[in-house]
file my_file.txt (compact mmCIF, C-alpha atoms)
# COMPACT_ATOMS: atom_id res chain seq x y z
CA MET A 1 -6.30 12.98 -12.41
CA VAL A 2 -5.67 9.27 -11.96
CA PHE A 3 -2.08 9.63 -13.08
CA VAL A 4 -0.37 10.88 -9.93
CA SER A 5 -0.98 8.04 -7.55
CA MET A 6 2.04 8.38 -5.34
CA LEU A 7 1.50 11.60 -3.42
CA TYR A 8 2.01 10.25 0.05
CA GLY A 9 4.06 13.03 1.49
CA ALA A 10 0.80 14.92 1.06
CA GLY A 11 -1.88 15.23 3.66
CA TRP A 12 -4.39 17.51 5.29
CA GLY A 13 -4.59 19.86 8.22
CA CYS A 14 -6.55 17.58 10.51
CA GLN A 15 -5.81 16.43 14.03
CA PRO A 16 -2.12 15.62 14.44
CA GLY A 17 -0.91 12.24 15.59
CA ARG A 18 0.92 11.84 18.88
CA VAL A 19 3.96 10.02 17.52
CA ARG A 20 7.17 12.02 17.90
CA PRO A 21 9.98 10.21 16.13
CA ARG A 22 13.60 10.13 17.21
CA ILE A 23 15.51 10.76 14.02
CA ARG A 24 18.69 8.81 13.28
CA TYR A 25 20.90 8.60 10.20
CA CYS A 26 22.60 5.81 8.31
CA GLY A 27 24.77 5.63 5.25
CA THR A 28 23.31 3.89 2.21
CA PRO A 29 24.58 3.26 -1.34
CA ALA A 30 22.16 6.00 -2.48
CA GLY A 31 23.15 8.63 0.10
CA ARG A 32 22.71 9.32 3.80
CA VAL A 33 19.14 8.62 4.93
CA ALA A 34 17.09 9.77 7.93
CA TYR A 35 15.02 7.11 9.67
CA SER A 36 13.05 6.45 12.84
CA ALA A 37 11.81 3.37 14.68
CA SER A 38 8.83 3.43 17.05
CA GLY A 39 6.91 0.81 18.99
CA ALA A 40 7.81 -2.71 20.02
CA GLY A 41 7.37 -6.10 18.42
CA PRO A 42 8.30 -7.60 15.03
CA ALA A 43 9.99 -5.22 12.60
CA LEU A 44 7.69 -3.53 10.04
CA LEU A 45 9.47 -1.61 7.28
CA PHE A 46 7.10 1.16 6.19
CA ASP A 47 7.21 3.04 2.88
CA SER A 48 4.49 5.66 2.45
CA GLY A 49 5.29 6.42 -1.19
CA TRP A 50 6.70 9.02 -3.58
CA VAL A 51 8.15 11.78 -1.33
CA SER A 52 8.06 12.00 2.45
CA HIS A 53 8.94 13.95 5.56
CA LEU A 54 9.42 11.95 8.77
CA ARG A 55 8.14 14.72 11.02
CA GLY A 56 5.78 16.63 8.75
CA GLN A 57 3.68 13.64 7.71
CA LEU A 58 2.77 12.86 11.31
CA GLU A 59 0.85 16.14 11.51
CA LEU A 60 -1.32 15.32 8.50
CA CYS A 61 -4.83 14.03 9.12
CA SER A 62 -4.68 10.47 10.47
CA PHE A 63 -1.16 9.57 9.35
CA GLY A 64 0.23 9.88 12.87
CA SER A 65 -2.63 7.89 14.37
CA PHE A 66 -2.16 5.19 11.72
CA VAL A 67 1.52 4.81 12.59
CA GLU A 68 0.80 4.96 16.32
CA ARG A 69 -1.71 2.11 16.10
CA LEU A 70 0.73 -0.01 14.09
CA ALA A 71 3.40 0.69 16.70
CA GLU A 72 1.23 -1.02 19.33
CA ARG A 73 1.96 -4.34 17.58
CA PHE A 74 5.17 -3.74 15.61
CA THR A 75 8.43 -1.84 15.59
CA VAL A 76 7.54 0.56 12.78
CA ILE A 77 10.58 1.58 10.74
CA ARG A 78 10.03 4.72 8.66
CA TYR A 79 12.55 6.65 6.57
CA ASP A 80 12.89 9.48 4.11
CA LYS A 81 14.05 8.41 0.65
CA PRO A 82 17.35 9.84 -0.61
CA GLY A 83 16.71 13.43 -1.65
CA CYS A 84 13.59 13.76 0.52
CA GLY A 85 12.59 15.07 3.92
CA LEU A 86 15.43 15.00 6.42
CA SER A 87 17.69 12.79 4.28
CA ASP A 88 20.60 14.13 2.25
CA ARG A 89 19.37 16.29 -0.62
CA ASP A 90 22.52 16.53 -2.76
CA GLY A 91 24.58 13.90 -4.59
CA VAL A 92 22.04 11.13 -4.08
CA ASP A 93 20.88 8.23 -6.24
CA LEU A 94 17.20 8.63 -7.09
CA SER A 95 16.93 5.49 -9.24
CA PHE A 96 14.56 2.68 -8.30
CA ASP A 97 17.47 0.38 -7.49
CA GLY A 98 18.97 3.15 -5.36
CA GLN A 99 15.71 3.38 -3.42
CA VAL A 100 15.71 -0.39 -2.86
CA ALA A 101 19.29 -0.27 -1.59
CA ALA A 102 18.45 2.60 0.78
CA ALA A 103 15.47 0.75 2.26
CA LEU A 104 17.54 -2.37 2.92
CA ALA A 105 20.32 -0.28 4.50
CA VAL A 106 17.78 1.22 6.91
CA ALA A 107 16.59 -2.26 7.89
CA ASP A 108 20.21 -3.26 8.48
CA ALA A 109 20.80 -0.14 10.59
CA VAL A 110 18.07 -1.14 13.06
CA GLY A 111 19.20 -4.76 13.10
CA ALA A 112 16.17 -6.14 11.22
CA GLY A 113 17.46 -9.20 9.39
CA ARG A 114 13.88 -10.26 8.64
CA PHE A 115 10.89 -7.98 8.60
CA ARG A 116 7.34 -7.43 7.45
CA MET A 117 6.65 -4.68 4.90
CA PHE A 118 3.92 -2.12 4.24
CA GLY A 119 4.16 -0.13 1.03
CA ALA A 120 1.67 2.41 -0.30
CA SER A 121 1.41 3.44 -3.96
CA GLN A 122 4.97 3.85 -5.28
CA GLY A 123 6.11 2.43 -1.95
CA GLY A 124 4.15 -0.70 -2.83
CA GLN A 125 6.30 -1.18 -5.91
CA LEU A 126 9.41 -0.82 -3.78
CA ALA A 127 8.16 -3.24 -1.11
CA ALA A 128 7.14 -5.81 -3.71
CA ALA A 129 10.52 -5.59 -5.46
CA ILE A 130 12.33 -6.18 -2.16
CA ALA A 131 10.09 -9.17 -1.38
CA ALA A 132 10.82 -10.64 -4.81
CA ARG A 133 14.57 -10.02 -4.82
CA TYR A 134 15.23 -10.84 -1.15
CA PRO A 135 12.77 -13.60 -0.19
CA ASP A 136 14.85 -14.56 2.84
CA ARG A 137 14.27 -11.13 4.40
CA VAL A 138 10.55 -10.45 3.95
CA GLU A 139 8.17 -12.46 6.16
CA ALA A 140 4.91 -10.86 5.02
CA LEU A 141 3.92 -8.08 2.64
CA VAL A 142 1.01 -5.63 2.52
CA VAL A 143 0.69 -3.18 -0.37
CA TYR A 144 -1.94 -0.47 -0.76
CA GLY A 145 -3.10 1.48 -3.81
CA MET A 146 -0.37 -0.02 -5.98
CA CYS A 147 0.16 -0.63 -9.67
CA ALA A 148 2.66 -2.98 -11.29
CA SER A 149 3.72 -0.52 -13.99
CA GLY A 150 3.73 3.26 -13.62
CA SER A 151 3.09 3.66 -17.33
CA ASP A 152 -0.45 2.30 -16.79
CA LEU A 153 -1.42 5.36 -14.75
CA ALA A 154 -1.94 7.60 -17.79
CA PRO A 155 -0.99 8.03 -21.45
CA ALA A 156 2.62 9.06 -22.10
CA GLU A 157 1.75 12.63 -23.06
CA VAL A 158 -0.19 13.13 -19.84
CA ARG A 159 2.63 11.70 -17.72
CA ASP A 160 5.15 13.93 -19.45
CA SER A 161 3.02 17.02 -18.89
CA VAL A 162 2.61 16.24 -15.19
CA VAL A 163 6.36 15.84 -14.71
CA ALA A 164 6.99 19.08 -16.58
CA LEU A 165 4.43 20.94 -14.45
CA VAL A 166 5.94 19.69 -11.19
CA ARG A 167 9.45 20.60 -12.36
CA ALA A 168 8.45 24.06 -13.58
CA HIS A 169 6.18 25.12 -10.71
CA TRP A 170 6.13 22.80 -7.71
CA GLY A 171 3.43 24.62 -5.76
CA LEU A 172 1.11 25.21 -8.70
CA GLY A 173 1.56 21.61 -9.84
CA LEU A 174 0.56 20.30 -6.42
CA LYS A 175 -2.54 22.47 -6.25
CA ALA A 176 -3.59 21.26 -9.68
CA LEU A 177 -3.18 17.63 -8.63
CA THR A 178 -4.96 17.73 -5.29
CA GLY A 179 -8.16 16.40 -6.86
CA ALA A 180 -6.42 13.12 -7.70
CA PHE A 181 -6.64 12.17 -4.04
CA VAL A 182 -9.69 13.65 -2.37
CA THR A 183 -12.94 14.93 -3.83
CA ASP A 184 -13.61 18.64 -3.34
CA PRO A 185 -10.74 19.46 -0.96
CA THR A 186 -11.08 22.65 1.08
CA ALA A 187 -8.73 25.59 0.65
CA GLU A 188 -7.14 24.66 3.99
CA GLU A 189 -6.55 21.11 2.81
CA VAL A 190 -4.96 22.27 -0.42
CA GLU A 191 -2.68 24.60 1.53
CA ALA A 192 -1.62 21.83 3.93
CA PHE A 193 -1.04 19.49 0.99
CA THR A 194 1.25 21.89 -0.85
CA ARG A 195 3.09 23.05 2.28
CA VAL A 196 4.18 19.57 3.36
CA GLN A 197 4.97 18.39 -0.15
CA ARG A 198 7.23 21.36 -0.78
CA ALA A 199 9.01 20.65 2.51
CA SER A 200 9.43 16.99 1.50
CA ALA A 201 11.44 17.57 -1.69
CA SER A 202 12.61 20.16 -4.19
CA ALA A 203 10.78 20.50 -7.48
CA ALA A 204 13.68 18.84 -9.31
CA VAL A 205 13.79 15.83 -6.97
CA ALA A 206 10.01 15.43 -6.92
CA ALA A 207 9.88 15.53 -10.72
CA ARG A 208 12.72 13.04 -11.08
CA LEU A 209 11.17 10.59 -8.60
CA LEU A 210 7.89 10.93 -10.49
CA GLU A 211 9.66 10.07 -13.74
CA VAL A 212 11.25 7.03 -12.11
CA TYR A 213 7.83 5.86 -10.91
CA TYR A 214 6.24 6.30 -14.31
CA HIS A 215 9.03 4.25 -15.93
CA THR A 216 9.15 1.43 -13.38
CA ASP A 217 7.56 -1.89 -14.35
CA ILE A 218 7.83 -4.78 -11.87
CA ARG A 219 5.41 -7.21 -13.53
CA ALA A 220 8.22 -9.69 -14.12
CA LEU A 221 9.20 -9.60 -10.43
CA LEU A 222 5.78 -10.19 -8.88
CA PRO A 223 5.54 -13.96 -9.62
CA ALA A 224 8.80 -14.45 -7.68
CA ILE A 225 7.30 -13.21 -4.39
CA ARG A 226 7.02 -16.00 -1.82
CA ALA A 227 6.01 -13.98 1.25
CA ARG A 228 2.38 -13.99 2.39
CA THR A 229 0.90 -11.00 0.57
CA ALA A 230 -2.20 -8.85 0.86
CA VAL A 231 -3.12 -6.29 -1.80
CA LEU A 232 -5.36 -3.53 -0.40
CA HIS A 233 -7.16 -1.26 -2.84
CA ARG A 234 -10.11 1.11 -2.57
CA GLU A 235 -12.67 0.30 -5.22
CA ALA A 236 -13.07 3.89 -6.42
CA ASP A 237 -9.43 4.96 -5.89
CA LYS A 238 -8.99 8.34 -7.57
CA GLY A 239 -5.24 7.98 -7.97
CA THR A 240 -4.76 4.37 -9.14
CA ARG A 241 -7.58 2.41 -10.75
CA PHE A 242 -8.82 -0.66 -8.86
CA GLU A 243 -8.08 -2.85 -11.88
CA LEU A 244 -4.37 -2.09 -11.51
CA GLY A 245 -4.40 -3.39 -7.94
CA ARG A 246 -6.28 -6.43 -9.08
CA GLU A 247 -3.54 -7.13 -11.63
CA VAL A 248 -0.92 -6.98 -8.86
CA ALA A 249 -2.82 -9.54 -6.78
CA ALA A 250 -3.22 -11.83 -9.78
CA LEU A 251 0.52 -11.82 -10.49
CA ILE A 252 1.68 -12.62 -6.94
CA PRO A 253 1.28 -16.33 -6.11
CA GLY A 254 -1.31 -16.85 -3.38
CA ALA A 255 -1.86 -13.14 -2.79
CA THR A 256 -5.10 -11.97 -1.18
CA LEU A 257 -6.87 -8.99 -2.77
CA ILE A 258 -8.78 -7.00 -0.14
CA PRO A 259 -11.18 -4.50 -1.77
CA LEU A 260 -11.98 -1.47 0.39
CA LEU A 261 -14.75 1.08 0.08
CA GLY A 262 -13.94 4.69 -0.73
CA SER A 263 -12.23 6.84 -3.34
CA SER A 264 -9.28 8.39 -1.51
CA HIS A 265 -5.88 7.29 -2.69
CA LEU A 266 -4.37 8.27 0.65
CA PHE A 267 -4.49 5.40 3.13
CA TYR A 268 -4.70 7.82 6.07
CA TYR A 269 -7.62 9.84 4.67
CA GLY A 270 -11.29 8.85 4.66
CA ASP A 271 -12.04 5.55 6.39
CA TRP A 272 -8.43 5.01 7.46
CA LEU A 273 -9.51 2.63 10.24
CA ALA A 274 -10.71 0.13 7.62
CA VAL A 275 -7.25 0.21 6.03
CA LEU A 276 -5.58 -0.17 9.43
CA GLU A 277 -7.79 -3.10 10.39
CA ALA A 278 -7.02 -4.85 7.11
CA VAL A 279 -3.28 -4.34 7.60
CA LEU A 280 -3.31 -5.57 11.21
CA GLY A 281 -5.69 -8.43 10.45
CA PHE A 282 -3.37 -9.77 7.78
CA LEU A 283 0.01 -9.12 9.38
CA CYS A 284 -1.09 -10.58 12.71
CA GLU A 285 -2.40 -13.82 11.21
CA PRO A 286 -0.30 -16.82 12.26
CA ALA A 287 1.46 -18.61 9.44
CA SER A 288 -0.34 -21.73 8.26
CA PRO A 289 1.05 -24.62 6.19
CA GLY A 290 -2.31 -25.14 4.47
CA PRO A 291 -4.78 -22.79 2.74
CA ARG A 292 -6.03 -20.15 5.14
CA LEU A 293 -9.16 -18.19 4.23
CA THR A 294 -10.07 -14.93 5.87
CA GLY A 295 -13.37 -14.76 7.76
CA ARG A 296 -15.11 -13.08 4.83
CA GLU A 297 -13.63 -15.54 2.32
CA LEU A 298 -14.86 -18.46 4.43
CA GLU A 299 -18.31 -16.85 4.53
CA VAL A 300 -18.30 -16.50 0.73
CA ALA A 301 -17.06 -20.08 0.29
CA LYS A 302 -19.98 -21.38 2.34
CA LEU A 303 -22.43 -19.42 0.19
CA VAL A 304 -20.82 -20.86 -2.94
CA ALA A 305 -21.36 -24.30 -1.43
CA GLU A 306 -25.04 -23.39 -1.00
CA GLY A 307 -25.21 -22.81 -4.75
CA LEU A 308 -25.45 -19.01 -4.74
CA THR A 309 -24.16 -17.04 -7.74
CA ASN A 310 -21.78 -14.11 -7.30
CA HIS A 311 -24.68 -11.67 -7.66
CA ALA A 312 -26.70 -13.56 -5.06
CA ILE A 313 -23.71 -13.58 -2.70
CA ALA A 314 -23.33 -9.84 -3.21
CA ARG A 315 -26.99 -9.26 -2.28
CA ARG A 316 -26.75 -11.56 0.76
CA LEU A 317 -23.62 -9.82 2.11
CA SER A 318 -24.52 -6.29 0.94
CA ILE A 319 -21.34 -5.94 -1.11
CA ALA A 320 -20.65 -5.06 -4.74
CA PRO A 321 -20.85 -7.93 -7.26
CA ARG A 322 -17.27 -7.19 -8.28
CA THR A 323 -16.20 -7.63 -4.65
CA ALA A 324 -17.97 -10.98 -4.45
CA GLU A 325 -16.26 -12.07 -7.66
CA THR A 326 -12.88 -11.01 -6.25
CA HIS A 327 -13.46 -13.05 -3.10
CA VAL A 328 -14.33 -16.13 -5.16
CA GLU A 329 -11.17 -15.68 -7.24
CA ASN A 330 -9.08 -15.36 -4.07
CA ILE A 331 -10.64 -18.55 -2.70
CA ARG A 332 -9.88 -20.45 -5.91
CA GLY A 333 -6.28 -19.27 -5.78
CA LYS A 334 -5.75 -20.19 -2.14
CA LEU A 335 -7.40 -23.59 -2.48
CA GLN A 336 -5.77 -24.17 -5.88
CA VAL A 337 -9.06 -25.22 -7.46
CA HIS A 338 -10.75 -24.23 -10.68
CA SER A 339 -14.48 -24.67 -10.16
CA ARG A 340 -17.23 -23.70 -7.74
CA ALA A 341 -17.94 -27.41 -7.24
CA GLN A 342 -14.40 -27.87 -5.91
CA ILE A 343 -14.93 -24.95 -3.51
CA ALA A 344 -18.12 -26.63 -2.31
CA ALA A 345 -16.25 -29.92 -1.78
CA TRP A 346 -13.61 -28.11 0.28
CA VAL A 347 -16.32 -26.47 2.41
CA THR A 348 -17.87 -29.88 3.10
CA GLU A 349 -14.49 -31.22 4.20
CA TYR A 350 -13.84 -28.10 6.28
CA ARG A 351 -17.14 -28.51 8.16
CA LEU A 352 -16.17 -32.06 9.12
CA ARG A 353 -12.93 -30.93 10.76
CA PRO A 354 -12.84 -30.84 14.55
CA GLY A 355 -13.47 -27.32 15.81
CA ALA A 356 -14.55 -25.93 12.46
CA ALA A 357 -17.33 -23.35 12.53
CA ARG A 358 -20.63 -24.64 11.19

call {"tool": "encode", "arguments": {"input": "my_file.txt", "output": "structure tokens"}}
result
Amino acid sequence: MVFVSMLYGAGWGCQPGRVRPRIRYCGTPAGRVAYSASGAGPALLFDSGWVSHLRGQLELCSFGSFVERLAERFTVIRYDKPGCGLSDRDGVDLSFDGQVAAALAVADAVGAGRFRMFGASQGGQLAAAIAARYPDRVEALVVYGMCASGSDLAPAEVRDSVVALVRAHWGLGLKALTGAFVTDPTAEEVEAFTRVQRASASAAVAARLLEVYYHTDIRALLPAIRARTAVLHREADKGTRFELGREVAALIPGATLIPLLGSSHLFYYGDWLAVLEAVLGFLCEPASPGPRLTGRELEVAKLVAEGLTNHAIARRLSIAPRTAETHVENIRGKLQVHSRAQIAAWVTEYRLRPGAAR
């Protein structure tokens, strides 16, 4: 069930978060949209994916806690897409460009001329497109569980059948797709999933937004992104294959790919704290004019300088060989070098700098 990777209005009947949003409305080219802003600090425009419900999502598993923790550092700006949640349901523009226009109108409504962005799954496509088209507005970008082209999620006949199922029987379609996100969900979890999704959008809107996602390809836009970018992806993601996230990172200049353990496609399910820490760790990094390696990347670079292979690095750090390989590729990209010898030379120079860790 890897083909429905955008079910972010979904969630589970776990402990609710404590965030209680104040809902406001603004006009957008795509229709009137409901939004909320919580916390204090730099603006963070937040898109959780496919369909959403500003209030309902906060009661699902760790979604509310995730937002609450972000709001300790940022002004978190959330909104319901046109046709979804508390936004206008009728006479709205559901196209991808309409969604982009709505997101920017929300940022304007809260006075955020420049902002950071977090986008999950389909929301990652949207966030990346905004960063590419409006480089003067996006300071930093974090995407999670994203693919560059929705057509890569499954063969055409499978995608068509999923859209038809959602359009014909919203509730049954959701129950059939629950396994794309969490292994062996309980009956209570399935019920919570379907209840919130059905509140987030009608069957017709959900099916149409799914079609739009499946037909959106932003590969050509990704090389135009100039904002600092982190691509987060769980290595066994059940909704969007890890390789698709890796492609996104490869297409964005200087992007950092951060592999995460786990199989849940939902950022707020499973080890959500690891996702949160990766988001905060990246967004809170000060801008640097030169190459800036993360702590783990610096650790890997030093092991490369010691002559260790990727497999040896993986054993030393107790990580998967593929993860070690990804770190080495990230290091090469950031340092703009092509060989392990050049990485080793950089490490030698780094160790000679005043204050550098030995």

call {"tool": "closest_residue", "arguments": {"input": "my_file.txt", "among": "A:Val196, A:Leu94, A:Leu221, A:Ala101", "to": "Ala128 of chain A", "atoms": "all atoms listed in the file"}}
result
A:Leu221

call {"tool": "residues_around", "arguments": {"input": "my_file.txt", "residues": "Tyr79 of chain A", "least_positions_apart": "4", "cutoff": "8 Å", "atoms": "all atoms listed in the file", "output": "list in words"}}
result
Val33, Ala34, Tyr35, Ser36, Phe46, Asp47, Leu54, Ala103 and Val106 of chain A

call {"tool": "residues_around", "arguments": {"input": "my_file.txt", "residues": "Gln125 of chain A", "least_positions_apart": "5", "cutoff": "12 Å", "atoms": "only C-alpha atoms", "output": "short mmCIF file (atom, residue, chain, number, x, y, z; two decimals) with C-alpha atoms, in the frame of the given file"}}
result
data_model
loop_
_atom_site.label_atom_id
_atom_site.label_comp_id
_atom_site.auth_asym_id
_atom_site.auth_seq_id
_atom_site.Cartn_x
_atom_site.Cartn_y
_atom_site.Cartn_z
CA SER A 5 -0.98 8.04 -7.55
CA MET A 6 2.04 8.38 -5.34
CA ASP A 47 7.21 3.04 2.88
CA SER A 48 4.49 5.66 2.45
CA GLY A 49 5.29 6.42 -1.19
CA TRP A 50 6.70 9.02 -3.58
CA PHE A 96 14.56 2.68 -8.30
CA ASP A 97 17.47 0.38 -7.49
CA GLN A 99 15.71 3.38 -3.42
CA VAL A 100 15.71 -0.39 -2.86
CA MET A 117 6.65 -4.68 4.90
CA PHE A 118 3.92 -2.12 4.24
CA GLY A 119 4.16 -0.13 1.03
CA ALA A 120 1.67 2.41 -0.30
CA ILE A 130 12.33 -6.18 -2.16
CA ALA A 131 10.09 -9.17 -1.38
CA ALA A 132 10.82 -10.64 -4.81
CA LEU A 141 3.92 -8.08 2.64
CA VAL A 142 1.01 -5.63 2.52
CA VAL A 143 0.69 -3.18 -0.37
CA TYR A 144 -1.94 -0.47 -0.76
CA GLY A 145 -3.10 1.48 -3.81
CA MET A 146 -0.37 -0.02 -5.98
CA CYS A 147 0.16 -0.63 -9.67
CA ALA A 148 2.66 -2.98 -11.29
CA SER A 149 3.72 -0.52 -13.99
CA GLY A 150 3.73 3.26 -13.62
CA VAL A 212 11.25 7.03 -12.11
CA TYR A 213 7.83 5.86 -10.91
CA TYR A 214 6.24 6.30 -14.31
CA HIS A 215 9.03 4.25 -15.93
CA THR A 216 9.15 1.43 -13.38
CA ASP A 217 7.56 -1.89 -14.35
CA ILE A 218 7.83 -4.78 -11.87
CA ARG A 219 5.41 -7.21 -13.53
CA ALA A 220 8.22 -9.69 -14.12
CA LEU A 221 9.20 -9.60 -10.43
CA LEU A 222 5.78 -10.19 -8.88
CA VAL A 231 -3.12 -6.29 -1.80
CA GLY A 245 -4.40 -3.39 -7.94
CA VAL A 248 -0.92 -6.98 -8.86
#

call {"tool": "atom_distance", "arguments": {"input": "my_file.txt", "atom1": "atom CA of Ala192 of chain A", "atom2": "atom CA of Ala164 of chain A"}}
result
22.4 Å

call {"tool": "residues_around", "arguments": {"input": "my_file.txt", "residues": "Ala199 of chain A", "least_positions_apart": "4", "cutoff": "12 Å", "atoms": "only C-alpha atoms", "output": "ChimeraX atom specification"}}
result
/A:9-10,51-57,80,83-87,89,170-171,192-195,203,205-206

call {"tool": "axis_aligned_box", "arguments": {"input": "my_file.txt", "around": "segment 46-56 of chain A", "padding_each_side": "6 Å", "output": "JSON"}}
result
{"center_x": 7.0, "center_y": 8.9, "center_z": 3.7, "size_x": 16.9, "size_y": 27.5, "size_z": 26.6}

call {"tool": "atom_distance", "arguments": {"input": "my_file.txt", "atom1": "atom CA of Arg78 of chain A", "atom2": "atom CA of Arg234 of chain A"}}
result
23.3 Å

call {"tool": "residues_around", "arguments": {"input": "my_file.txt", "residues": "Pro29 of chain A", "least_positions_apart": "3", "cutoff": "9 Å", "atoms": "all atoms listed in the file", "output": "JSON, numbers by chain"}}
result
{"A": [32, 92, 93, 98, 101, 102, 105]}

call {"tool": "atom_distance", "arguments": {"input": "my_file.txt", "atom1": "atom CA of His311 of chain A", "atom2": "atom CA of Ala324 of chain A"}}
result
7.5 Å

call {"tool": "closest_residue", "arguments": {"input": "my_file.txt", "among": "A:Pro321, A:Gly91, A:Gly239, A:Gly39", "to": "Pro259 of chain A", "atoms": "all atoms listed in the file"}}
result
A:Pro321

call {"tool": "decode", "arguments": {"input": "my_file.txt", "residues": "segment 38-60 of chain A", "atoms": "N, CA and C atoms", "output": "short mmCIF file (atom, residue, chain, number, x, y, z; two decimals), in the first residue's frame"}}
result
data_model
loop_
_atom_site.label_atom_id
_atom_site.label_comp_id
_atom_site.auth_asym_id
_atom_site.auth_seq_id
_atom_site.Cartn_x
_atom_site.Cartn_y
_atom_site.Cartn_z
N SER A 38 0.28 29.76 16.34
CA SER A 38 0.56 29.53 17.76
C SER A 38 2.05 29.64 18.02
N GLY A 39 2.39 30.05 19.25
CA GLY A 39 3.79 30.14 19.63
C GLY A 39 4.36 31.52 19.39
N ALA A 40 5.66 31.63 19.53
CA ALA A 40 6.37 32.89 19.34
C ALA A 40 7.73 32.60 18.74
N GLY A 41 8.23 33.52 17.95
CA GLY A 41 9.51 33.33 17.30
C GLY A 41 9.37 33.45 15.80
N PRO A 42 10.38 33.05 15.04
CA PRO A 42 10.33 33.14 13.58
C PRO A 42 9.14 32.38 13.02
N ALA A 43 8.59 32.86 11.92
CA ALA A 43 7.42 32.23 11.31
C ALA A 43 7.80 30.88 10.70
N LEU A 44 6.97 29.86 10.93
CA LEU A 44 7.14 28.53 10.36
C LEU A 44 5.81 28.13 9.72
N LEU A 45 5.77 28.14 8.40
CA LEU A 45 4.57 27.74 7.66
C LEU A 45 4.56 26.22 7.59
N PHE A 46 3.45 25.61 8.02
CA PHE A 46 3.39 24.18 8.30
C PHE A 46 2.31 23.54 7.45
N ASP A 47 2.69 22.59 6.60
CA ASP A 47 1.72 21.88 5.77
C ASP A 47 1.83 20.38 6.06
N SER A 48 0.79 19.83 6.67
CA SER A 48 0.83 18.43 7.10
C SER A 48 0.43 17.45 6.02
N GLY A 49 0.03 17.92 4.82
CA GLY A 49 -0.23 17.00 3.73
C GLY A 49 -1.65 17.02 3.20
N TRP A 50 -1.96 16.01 2.44
CA TRP A 50 -3.18 15.80 1.66
C TRP A 50 -4.42 16.54 2.17
N VAL A 51 -5.14 16.03 3.16
CA VAL A 51 -6.29 16.71 3.73
C VAL A 51 -6.03 16.96 5.21
N SER A 52 -6.74 17.93 5.78
CA SER A 52 -6.44 18.30 7.16
C SER A 52 -7.67 18.83 7.87
N HIS A 53 -7.54 18.92 9.20
CA HIS A 53 -8.57 19.54 10.03
C HIS A 53 -7.85 20.22 11.19
N LEU A 54 -7.88 21.55 11.23
CA LEU A 54 -7.09 22.30 12.20
C LEU A 54 -7.31 21.84 13.63
N ARG A 55 -8.53 21.56 14.00
CA ARG A 55 -8.82 21.13 15.36
C ARG A 55 -8.66 19.62 15.52
N GLY A 56 -9.25 18.87 14.61
CA GLY A 56 -9.27 17.42 14.75
C GLY A 56 -7.90 16.78 14.80
N GLN A 57 -6.96 17.27 13.99
CA GLN A 57 -5.63 16.67 13.96
C GLN A 57 -4.91 16.77 15.30
N LEU A 58 -5.20 17.80 16.06
CA LEU A 58 -4.50 18.00 17.33
C LEU A 58 -4.85 16.94 18.35
N GLU A 59 -5.93 16.21 18.13
CA GLU A 59 -6.35 15.15 19.06
C GLU A 59 -5.81 13.79 18.64
N LEU A 60 -4.99 13.74 17.62
CA LEU A 60 -4.54 12.47 17.06
C LEU A 60 -3.11 12.16 17.46
#
